[in-house]
>>> print(open('start.txt').read())   # compact mmCIF, C-alpha atoms and all ligand atoms
# COMPACT_ATOMS: atom_id res chain seq x y z
CA MET A 222 -3.01 16.29 -26.19
CA GLU A 223 -1.48 19.80 -26.27
CA SER A 224 1.18 20.35 -23.62
CA LYS A 225 4.58 22.01 -23.36
CA ILE A 226 5.89 18.99 -21.46
CA SER A 227 8.02 16.79 -23.67
CA LYS A 228 10.03 14.69 -21.18
CA ILE A 229 8.54 12.87 -18.21
CA GLY A 230 10.35 10.96 -15.46
CA VAL A 231 8.76 8.03 -13.63
CA PHE A 232 9.86 6.18 -10.50
CA THR A 233 8.67 3.82 -7.77
CA SER A 234 9.33 4.64 -4.15
CA GLY A 235 8.64 3.37 -0.63
CA GLY A 236 7.58 -0.23 0.02
CA ASP A 237 7.08 -2.21 -3.18
CA ALA A 238 3.52 -3.24 -3.96
CA PRO A 239 2.16 -5.76 -6.47
CA GLY A 240 0.87 -3.81 -9.46
CA MET A 241 3.63 -1.20 -9.42
CA ASN A 242 5.00 -2.71 -12.63
CA ALA A 243 1.56 -2.54 -14.23
CA ALA A 244 1.34 1.14 -13.25
CA LEU A 245 4.83 1.78 -14.64
CA ARG A 246 3.91 0.06 -17.91
CA ALA A 247 0.80 2.22 -18.21
CA VAL A 248 2.73 5.44 -17.53
CA VAL A 249 5.41 4.57 -20.09
CA ARG A 250 2.97 3.53 -22.78
CA ALA A 251 0.63 6.49 -22.20
CA ALA A 252 3.59 8.88 -22.45
CA ILE A 253 4.67 7.25 -25.72
CA TYR A 254 1.08 7.30 -27.00
CA TYR A 255 1.09 11.07 -26.48
CA LYS A 256 4.52 11.31 -28.17
CA LYS A 257 6.46 12.25 -25.05
CA ASP A 258 9.88 11.00 -23.99
CA ILE A 259 9.82 8.94 -20.83
CA TYR A 260 12.68 8.26 -18.42
CA GLY A 261 12.83 5.68 -15.62
CA ILE A 262 14.49 6.81 -12.40
CA MET A 263 16.00 3.81 -10.60
CA GLN A 264 15.57 3.12 -6.88
CA GLY A 265 13.18 5.96 -6.16
CA TYR A 266 14.58 9.23 -4.82
CA GLU A 267 17.98 7.55 -4.37
CA GLY A 268 18.35 7.19 -8.14
CA MET A 269 17.25 10.80 -8.62
CA ILE A 270 20.01 11.94 -6.26
CA ASP A 271 22.62 9.64 -7.88
CA GLY A 272 21.55 10.39 -11.46
CA ASP A 273 20.59 6.77 -12.13
CA ILE A 274 18.15 7.58 -14.92
CA VAL A 275 17.42 5.59 -18.10
CA LYS A 276 15.34 6.28 -21.20
CA LEU A 277 12.43 3.87 -21.55
CA GLY A 278 10.54 2.66 -24.59
CA ALA A 279 7.34 0.69 -25.09
CA ARG A 280 9.36 -2.56 -25.13
CA SER A 281 11.20 -1.71 -21.89
CA VAL A 282 7.97 -2.44 -20.08
CA GLY A 283 6.99 -5.56 -22.05
CA ASN A 284 6.11 -8.67 -20.00
CA ILE A 285 5.95 -6.87 -16.69
CA ILE A 286 2.21 -6.40 -16.17
CA GLN A 287 2.05 -9.76 -14.38
CA ARG A 288 5.17 -9.32 -12.28
CA GLY A 289 5.27 -8.38 -8.59
CA GLY A 290 7.85 -5.98 -7.16
CA THR A 291 9.11 -3.14 -9.32
CA ILE A 292 11.61 -3.38 -12.17
CA LEU A 293 12.71 0.19 -11.37
CA LYS A 294 13.49 -0.94 -7.79
CA SER A 295 12.49 1.06 -4.78
CA ALA A 296 13.95 2.67 -1.66
CA ARG A 297 13.03 4.80 1.32
CA SER A 298 15.53 7.66 0.90
CA GLN A 299 16.78 9.54 3.95
CA GLU A 300 18.89 11.93 1.85
CA PHE A 301 15.90 13.16 -0.12
CA ARG A 302 14.40 14.40 3.17
CA THR A 303 17.16 17.04 3.23
CA LYS A 304 17.18 20.23 1.15
CA GLU A 305 20.65 19.32 -0.17
CA GLY A 306 19.42 15.90 -1.31
CA ARG A 307 16.50 17.43 -3.18
CA GLU A 308 18.80 19.97 -4.82
CA LYS A 309 21.07 17.19 -6.12
CA ALA A 310 17.99 15.36 -7.39
CA PHE A 311 16.66 18.42 -9.22
CA ILE A 312 20.05 19.06 -10.87
CA ASN A 313 19.97 15.51 -12.26
CA LEU A 314 16.44 15.93 -13.54
CA LYS A 315 17.52 19.12 -15.32
CA LYS A 316 20.53 17.34 -16.82
CA HIS A 317 18.19 14.84 -18.46
CA GLY A 318 15.73 17.55 -19.49
CA ILE A 319 12.97 16.00 -17.36
CA GLU A 320 10.17 18.52 -17.00
CA ALA A 321 7.54 16.54 -15.10
CA LEU A 322 7.35 13.53 -12.80
CA VAL A 323 5.12 10.57 -12.06
CA ALA A 324 5.78 8.77 -8.78
CA ILE A 325 4.30 5.44 -7.77
CA GLY A 326 4.31 5.03 -3.99
CA GLY A 327 2.71 5.83 -0.65
CA ASP A 328 2.31 8.93 1.48
CA GLY A 329 6.08 9.29 2.10
CA THR A 330 6.59 9.36 -1.67
CA PHE A 331 3.85 11.92 -2.10
CA THR A 332 5.34 14.12 0.64
CA GLY A 333 8.75 14.07 -1.11
CA LEU A 334 7.20 14.95 -4.44
CA HIS A 335 5.22 17.79 -2.91
CA LYS A 336 8.43 19.26 -1.42
CA LEU A 337 10.21 19.03 -4.78
CA HIS A 338 7.27 20.74 -6.46
CA GLU A 339 7.19 23.49 -3.83
CA GLU A 340 10.94 24.15 -4.12
CA TYR A 341 11.45 23.80 -7.87
CA GLY A 342 7.98 24.08 -9.40
CA ILE A 343 8.26 20.76 -11.25
CA PRO A 344 4.80 19.40 -12.15
CA ALA A 345 4.26 16.06 -10.46
CA VAL A 346 1.53 13.43 -10.15
CA CYS A 347 1.60 10.58 -7.67
CA ILE A 348 -0.04 7.18 -8.15
CA PRO A 349 -0.97 5.55 -4.82
CA GLY A 350 0.99 2.29 -4.69
CA THR A 351 1.03 0.63 -1.29
CA ILE A 352 -0.45 -2.57 0.11
CA ASP A 353 -1.76 -0.68 3.16
CA ASN A 354 -4.68 1.10 1.41
CA ASP A 355 -4.13 3.88 3.93
CA ILE A 356 -4.30 6.86 1.56
CA ALA A 357 -7.30 9.17 1.39
CA GLY A 358 -8.60 10.28 -2.02
CA THR A 359 -8.89 6.85 -3.56
CA ASP A 360 -11.04 3.83 -2.77
CA PHE A 361 -8.12 1.50 -3.36
CA THR A 362 -4.35 1.78 -3.61
CA VAL A 363 -2.39 -0.38 -6.06
CA GLY A 364 -1.27 -3.56 -4.28
CA PHE A 365 -3.90 -3.78 -1.56
CA ASP A 366 -6.09 -6.29 -3.35
CA THR A 367 -3.20 -8.64 -4.10
CA ALA A 368 -1.73 -8.39 -0.61
CA THR A 369 -5.09 -9.10 0.99
CA ASN A 370 -5.72 -12.09 -1.28
CA THR A 371 -2.25 -13.43 -0.45
CA ALA A 372 -2.88 -13.03 3.26
CA VAL A 373 -6.31 -14.68 3.10
CA GLU A 374 -4.82 -17.63 1.23
CA ALA A 375 -2.22 -18.00 3.99
CA ILE A 376 -4.88 -17.67 6.70
CA ASP A 377 -6.93 -20.46 5.08
CA LYS A 378 -3.88 -22.71 5.25
CA ILE A 379 -3.26 -21.83 8.88
CA ARG A 380 -6.89 -22.66 9.61
CA ASP A 381 -6.29 -26.25 8.43
CA THR A 382 -3.65 -26.66 11.12
CA ALA A 383 -5.72 -24.79 13.71
CA ILE A 384 -8.61 -27.22 13.16
CA SER A 385 -6.44 -30.34 13.01
CA HIS A 386 -4.61 -29.53 16.24
CA ASN A 387 -7.29 -27.61 18.16
CA ARG A 388 -5.20 -24.48 18.21
CA LEU A 389 -5.71 -20.77 18.64
CA PHE A 390 -3.59 -18.78 16.18
CA PHE A 391 -2.72 -15.12 16.47
CA ILE A 392 -1.95 -14.05 12.89
CA GLU A 393 -0.25 -10.74 12.29
CA VAL A 394 -0.78 -8.99 8.97
CA MET A 395 0.90 -5.85 7.60
CA GLY A 396 -0.42 -2.32 7.91
CA ARG A 397 1.77 0.03 9.87
CA ASN A 398 -0.91 2.56 10.77
CA SER A 399 -3.88 1.04 9.10
CA GLY A 400 -6.20 -1.89 9.71
CA TYR A 401 -7.44 -2.16 6.12
CA ILE A 402 -5.64 -5.41 5.39
CA ALA A 403 -6.52 -6.82 8.80
CA ILE A 404 -10.24 -6.04 8.79
CA ASN A 405 -10.70 -7.53 5.33
CA CYS A 406 -8.59 -10.59 6.17
CA GLY A 407 -10.57 -10.99 9.37
CA ILE A 408 -13.88 -11.02 7.50
CA ALA A 409 -12.67 -13.18 4.60
CA GLY A 410 -10.64 -15.53 6.79
CA GLY A 411 -13.43 -16.01 9.36
CA ALA A 412 -11.48 -14.68 12.35
CA VAL A 413 -12.99 -14.77 15.83
CA ALA A 414 -11.56 -11.29 16.43
CA THR A 415 -9.69 -8.67 14.44
CA ILE A 416 -7.46 -6.13 16.14
CA ILE A 417 -6.86 -2.92 14.18
CA PRO A 418 -5.24 0.39 15.11
CA GLU A 419 -8.31 2.48 14.24
CA GLU A 420 -10.88 0.88 16.48
CA SER A 421 -10.04 -2.01 18.66
CA MET A 422 -11.62 -3.92 21.49
CA THR A 423 -9.83 -3.71 24.84
CA LEU A 424 -7.58 -6.51 26.04
CA ASP A 425 -10.27 -7.57 28.51
CA GLU A 426 -12.91 -7.70 25.79
CA LEU A 427 -10.63 -9.75 23.55
CA PHE A 428 -9.76 -12.21 26.29
CA ALA A 429 -13.39 -12.49 27.38
CA LYS A 430 -14.30 -13.38 23.80
CA LEU A 431 -11.59 -16.02 23.61
CA ASP A 432 -12.56 -17.39 27.06
CA GLU A 433 -16.13 -17.63 25.85
CA GLY A 434 -14.93 -19.72 22.91
CA GLY A 435 -13.06 -22.03 25.28
CA LYS A 436 -16.10 -22.43 27.53
CA THR A 437 -18.44 -23.14 24.64
CA ASN A 438 -16.14 -25.85 23.36
CA LYS A 439 -14.77 -23.89 20.40
CA LYS A 440 -11.84 -26.06 19.44
CA SER A 441 -9.89 -23.71 17.23
CA SER A 442 -9.82 -20.00 16.54
CA LEU A 443 -8.04 -17.39 14.50
CA VAL A 444 -7.34 -13.87 15.69
CA VAL A 445 -6.12 -11.44 13.03
CA VAL A 446 -3.91 -8.65 14.35
CA ALA A 447 -2.83 -5.60 12.34
CA GLU A 448 0.87 -4.84 12.63
CA GLY A 449 0.01 -1.37 13.96
CA SER A 450 -2.35 -2.63 16.70
CA LYS A 451 -2.24 -0.49 19.82
CA LEU A 452 -3.01 -3.53 21.99
CA GLY A 453 0.29 -5.10 20.93
CA GLY A 454 1.38 -7.35 18.09
CA ALA A 455 0.44 -11.00 17.66
CA MET A 456 3.42 -12.20 19.76
CA GLU A 457 2.57 -9.93 22.65
CA LEU A 458 -1.14 -10.74 22.61
CA ALA A 459 -0.45 -14.47 22.45
CA LYS A 460 1.95 -14.22 25.40
CA LYS A 461 -0.55 -12.25 27.49
CA PHE A 462 -3.40 -14.60 26.71
CA SER A 463 -1.34 -17.72 27.38
CA GLU A 464 -0.78 -16.49 30.95
CA ARG A 465 -4.46 -17.03 31.72
CA ASN A 466 -5.57 -19.59 29.14
CA ASN A 467 -5.71 -23.27 29.95
CA TYR A 468 -7.69 -24.74 27.10
CA PHE A 469 -6.19 -23.56 23.79
CA ASP A 470 -2.83 -24.55 22.37
CA ILE A 471 -1.62 -21.12 21.22
CA LYS A 472 0.50 -20.37 18.14
CA VAL A 473 1.61 -17.21 16.37
CA THR A 474 2.19 -16.56 12.66
CA ILE A 475 3.54 -13.26 11.38
CA LEU A 476 2.84 -13.10 7.67
CA GLY A 477 5.25 -10.19 7.07
CA HIS A 478 6.72 -9.48 3.68
CA LEU A 479 5.17 -12.41 1.88
CA GLN A 480 2.15 -10.10 1.57
CA ARG A 481 4.15 -7.63 -0.49
CA GLY A 482 5.30 -9.91 -3.29
CA GLY A 483 3.70 -12.02 -5.97
CA THR A 484 1.67 -11.73 -9.12
CA PRO A 485 -0.78 -8.83 -8.98
CA THR A 486 -4.47 -9.72 -9.17
CA TYR A 487 -6.54 -8.68 -12.19
CA PHE A 488 -8.01 -5.93 -9.99
CA ASP A 489 -4.63 -4.40 -9.18
CA ARG A 490 -3.49 -4.63 -12.81
CA VAL A 491 -6.57 -2.80 -14.07
CA LEU A 492 -6.45 -0.23 -11.26
CA ALA A 493 -2.75 0.40 -11.94
CA SER A 494 -3.35 0.67 -15.69
CA LYS A 495 -6.16 3.21 -15.26
CA MET A 496 -4.16 5.26 -12.80
CA GLY A 497 -1.02 5.16 -14.95
CA VAL A 498 -2.83 6.57 -17.97
CA ALA A 499 -4.65 9.13 -15.79
CA ALA A 500 -1.35 10.28 -14.27
CA VAL A 501 0.16 11.09 -17.68
CA GLU A 502 -3.06 12.66 -18.97
CA GLY A 503 -3.28 14.72 -15.77
CA LEU A 504 0.21 16.10 -16.30
CA LEU A 505 -0.51 16.92 -19.91
CA LYS A 506 -3.73 18.69 -18.93
CA GLY A 507 -1.82 20.85 -16.45
CA GLU A 508 -2.11 19.02 -13.11
CA LYS A 509 0.90 19.95 -11.00
CA ASP A 510 0.97 18.66 -7.45
CA VAL A 511 -1.67 15.98 -7.12
CA MET A 512 -2.35 12.33 -6.46
CA VAL A 513 -4.52 10.47 -8.89
CA GLY A 514 -7.24 8.38 -7.28
CA ILE A 515 -10.33 6.43 -8.23
CA LEU A 516 -13.41 7.20 -6.16
CA ASN A 517 -16.70 5.49 -6.99
CA ASN A 518 -15.16 4.33 -10.26
CA LYS A 519 -14.23 7.87 -11.36
CA ILE A 520 -10.74 9.26 -11.83
CA VAL A 521 -10.02 12.15 -9.47
CA TYR A 522 -6.97 14.36 -8.91
CA ASN A 523 -6.47 15.11 -5.21
CA ASP A 524 -4.35 17.97 -3.98
CA PHE A 525 -1.66 17.41 -1.38
CA ASP A 526 -3.63 18.86 1.55
CA THR A 527 -6.66 16.68 0.88
CA ILE A 528 -4.49 13.59 1.06
CA MET A 529 -2.32 14.51 3.98
CA LYS A 530 -5.00 15.96 6.23
CA HIS A 531 -7.28 12.96 6.02
CA HIS A 532 -6.89 9.38 7.06
CA HIS A 533 -8.42 6.76 4.80
CA GLU A 534 -11.18 5.66 7.15
CA ILE A 535 -12.19 2.03 7.24
CA ASP A 536 -15.82 1.91 6.17
CA SER A 537 -18.23 1.46 9.03
CA GLU A 538 -20.00 -1.38 7.22
CA SER A 539 -16.85 -3.54 7.30
CA LEU A 540 -16.46 -2.86 11.03
CA ARG A 541 -20.12 -3.71 11.64
CA ILE A 542 -19.99 -6.93 9.62
CA SER A 543 -16.80 -8.01 11.32
CA LYS A 544 -18.44 -7.63 14.75
CA ILE A 545 -21.63 -9.48 13.78
CA LEU A 546 -19.80 -12.42 12.27
CA SER A 547 -17.05 -13.01 14.79
CA ILE A 548 -18.89 -14.93 17.47
O1 LIG B 1 3.78 0.47 3.74
C1 LIG B 1 3.80 -0.84 3.34
C2 LIG B 1 4.41 -1.73 4.41
O2 LIG B 1 4.44 -3.04 3.93
C3 LIG B 1 3.73 -1.66 5.77
O3 LIG B 1 2.57 -2.44 5.85
C4 LIG B 1 4.85 -2.13 6.66
O4 LIG B 1 4.69 -1.64 7.96
C5 LIG B 1 6.06 -1.54 6.02
O5 LIG B 1 5.75 -1.33 4.66
C6 LIG B 1 7.32 -2.36 6.14
O6 LIG B 1 8.35 -1.67 5.54
P1 LIG B 1 9.80 -2.28 5.21
O7 LIG B 1 9.63 -3.27 4.11
O8 LIG B 1 10.61 -1.11 4.81
O9 LIG B 1 10.25 -2.94 6.47
>>> encode(input="start.txt", output="structure tokens")
Amino acid sequence: MESKISKIGVFTSGGDAPGMNAALRAVVRAAIYYKKDIYGIMQGYEGMIDGDIVKLGARSVGNIIQRGGTILKSARSQEFRTKEGREKAFINLKKHGIEALVAIGGDGTFTGLHKLHEEYGIPAVCIPGTIDNDIAGTDFTVGFDTATNTAVEAIDKIRDTAISHNRLFFIEVMGRNSGYIAINCGIAGGAVATIIPEESMTLDELFAKLDEGGKTNKKSSLVVVAEGSKLGGAMELAKKFSERNNYFDIKVTILGHLQRGGTPTYFDRVLASKMGVAAVEGLLKGEKDVMVGILNNKIVYNDFDTIMKHHHEIDSESLRISKILSI
């Protein structure tokens, strides 16, 4: 593939997500396939600012496709938000002769990359890597499938205890501003109610539903709550409901970071591999300030505005199904 670019830098940034290593492997190997030099930038934008940059080869990314986390490490850099921080970062990129970048991360990562491109003109492609699946311009982000499977597995285990002890569990799953993980866990885990930031029942509606369960002799129940719920987190909801409930034994489980780790599913590995290759090919074809996505099974390159101005809406069918089934 004809391109003036000969040295590409790659890094992971923001919250780690299972499949980031698979994406990294694909970026490195695609770059080598097209006879380009590829450099790994450690610890996201922090490593760019500190000059922690290493040359990678095909073997540097051997045996990582199945590993969770990110071998390049990750960070949420405050310094990169400043003009001075970005200047230091750009000087280091120049020192290594890096002419183009691939970032694997979420919307914060993409925003940083966009700024760097605006200020210094460096061509950059982002791969959406976050468990939240909250980014427009792609059906799925790398890590979402694994995180959701991990959460559903945990919910199934909690259900065993809920049934054995006649308990009502409020289970909190991750998703800062997005209910993607929650709605899918709610459907797959058979929750009686799912509380998401995008569209939630009121407190009265939730409690009426739980009361109904109590009255109709429902012995155990699971409520899935997205971390970003506007009604309150699992702790808060459990506390409020326990003030009026006199039939359920109430417990709370916050799944937290266990959803972020672990072996990526086949789906995340393939998604990451396709996006990694597409990111390098995009750069070589002249893409400059975009995020690669897969929509309806087709690779797309989304510009910054498309991504930032739109929220990744939860599909109405999932919301509808969730309502029909949680009775
Ligand atoms: O963006 C991914 C995510 O796991 C969110 O779901 C969560 O709110 C956040 O990261 C937690 O971030 P940290 O690990 O920095 O506390």
>>> closest_atom_pairs(input="start.txt", of="segment 430-496 of chain A", to="segment 516-519 of chain A", cutoff="12 Å", atoms="all atoms listed in the file", output="tab-separated table")
residue	atom	partner	partner_atom	distance
A:Val491	CA	A:Asn518	CA	11.8
A:Leu492	CA	A:Asn518	CA	9.9
A:Lys495	CA	A:Lys519	CA	10.1
A:Met496	CA	A:Lys519	CA	10.5
>>> residues_near_ligand(input="start.txt", ligand="ligand LIG 1 (chain B)", cutoff="6 Å", atoms="only C-alpha atoms and all ligand atoms", output="PyMOL selection string")
chain A and resi 236+351-353+395-397
>>> atom_distance(input="start.txt", atom1="atom CA of Leu337 of chain A", atom2="atom CA of Asp355 of chain A")
22.6 Å
>>> residues_around(input="start.txt", residues="segment 278-290 of chain A", least_positions_apart="2", cutoff="6 Å", atoms="all atoms listed in the file", output="PDB file with C-alpha atoms, in the coordinates of the input")
ATOM      1  CA  ASP A 237       7.080  -2.210  -3.180  1.00  0.00           C
ATOM      2  CA  PRO A 239       2.160  -5.760  -6.470  1.00  0.00           C
ATOM      3  CA  ASN A 242       5.000  -2.710 -12.630  1.00  0.00           C
ATOM      4  CA  ALA A 243       1.560  -2.540 -14.230  1.00  0.00           C
ATOM      5  CA  ARG A 246       3.910   0.060 -17.910  1.00  0.00           C
ATOM      6  CA  ARG A 250       2.970   3.530 -22.780  1.00  0.00           C
ATOM      7  CA  GLY A 482       5.300  -9.910  -3.290  1.00  0.00           C
ATOM      8  CA  GLY A 483       3.700 -12.020  -5.970  1.00  0.00           C
ATOM      9  CA  THR A 484       1.670 -11.730  -9.120  1.00  0.00           C
TER      10      THR A 484
END
>>> atom_distance(input="start.txt", atom1="atom CA of Gln299 of chain A", atom2="atom CA of Asn398 of chain A")
20.2 Å
>>> closest_residue(input="start.txt", among="A:His386, A:Leu452, A:Ile325, A:Leu458", to="Thr423 of chain A", atoms="only C-alpha atoms")
A:Leu452
>>> residues_around(input="start.txt", residues="Met269 of chain A", least_positions_apart="2", cutoff="8 Å", atoms="all atoms listed in the file", output="NGL selection string")
:A and (262-263 or 265-267 or 271-274 or 309-311 or 313-314)
>>> decode(input="start.txt", residues="segment 377-400 of chain A", atoms="N, CA and C atoms", output="compact mmCIF listing (two decimals), in the first residue's frame")
# COMPACT_ATOMS: atom_id res chain seq x y z
N ASP A 377 -25.46 -15.09 37.26
CA ASP A 377 -25.99 -16.46 37.39
C ASP A 377 -25.61 -17.06 38.74
N LYS A 378 -24.39 -16.77 39.18
CA LYS A 378 -23.94 -17.32 40.46
C LYS A 378 -24.71 -16.67 41.61
N ILE A 379 -24.92 -15.38 41.49
CA ILE A 379 -25.68 -14.67 42.53
C ILE A 379 -27.11 -15.21 42.59
N ARG A 380 -27.64 -15.55 41.43
CA ARG A 380 -29.01 -16.09 41.39
C ARG A 380 -29.12 -17.36 42.24
N ASP A 381 -28.09 -18.21 42.21
CA ASP A 381 -28.12 -19.44 43.02
C ASP A 381 -28.37 -19.10 44.49
N THR A 382 -27.65 -18.10 44.97
CA THR A 382 -27.82 -17.70 46.38
C THR A 382 -29.18 -17.03 46.58
N ALA A 383 -29.58 -16.20 45.62
CA ALA A 383 -30.89 -15.53 45.74
C ALA A 383 -32.00 -16.57 45.89
N ILE A 384 -31.93 -17.62 45.09
CA ILE A 384 -32.97 -18.66 45.14
C ILE A 384 -32.88 -19.45 46.46
N SER A 385 -31.65 -19.82 46.82
CA SER A 385 -31.48 -20.66 48.02
C SER A 385 -31.92 -19.95 49.29
N HIS A 386 -31.74 -18.64 49.32
CA HIS A 386 -32.04 -17.89 50.55
C HIS A 386 -33.26 -16.98 50.43
N ASN A 387 -34.01 -17.09 49.37
CA ASN A 387 -35.15 -16.19 49.14
C ASN A 387 -34.74 -14.72 49.26
N ARG A 388 -33.81 -14.33 48.46
CA ARG A 388 -33.30 -12.96 48.59
C ARG A 388 -33.56 -12.11 47.35
N LEU A 389 -33.59 -10.82 47.59
CA LEU A 389 -33.64 -9.85 46.49
C LEU A 389 -32.25 -9.21 46.41
N PHE A 390 -31.61 -9.34 45.27
CA PHE A 390 -30.28 -8.75 45.08
C PHE A 390 -30.35 -7.53 44.17
N PHE A 391 -29.71 -6.47 44.58
CA PHE A 391 -29.47 -5.34 43.70
C PHE A 391 -28.03 -5.50 43.21
N ILE A 392 -27.86 -5.67 41.91
CA ILE A 392 -26.52 -5.94 41.36
C ILE A 392 -26.10 -4.76 40.49
N GLU A 393 -25.00 -4.15 40.87
CA GLU A 393 -24.55 -2.98 40.09
C GLU A 393 -23.48 -3.41 39.09
N VAL A 394 -23.69 -3.02 37.84
CA VAL A 394 -22.70 -3.30 36.79
C VAL A 394 -22.09 -1.99 36.31
N MET A 395 -20.96 -2.09 35.61
CA MET A 395 -20.27 -0.87 35.16
C MET A 395 -21.01 -0.19 34.00
N GLY A 396 -20.57 1.00 33.70
CA GLY A 396 -21.17 1.80 32.63
C GLY A 396 -21.47 3.17 33.19
N ARG A 397 -20.45 4.01 33.11
CA ARG A 397 -20.52 5.34 33.73
C ARG A 397 -21.73 6.14 33.24
N ASN A 398 -21.83 6.26 31.91
CA ASN A 398 -22.93 7.05 31.36
C ASN A 398 -23.82 6.21 30.46
N SER A 399 -23.62 4.94 30.50
CA SER A 399 -24.29 4.10 29.52
C SER A 399 -24.87 2.84 30.15
N GLY A 400 -26.07 2.48 29.69
CA GLY A 400 -26.72 1.28 30.23
C GLY A 400 -26.55 0.06 29.35
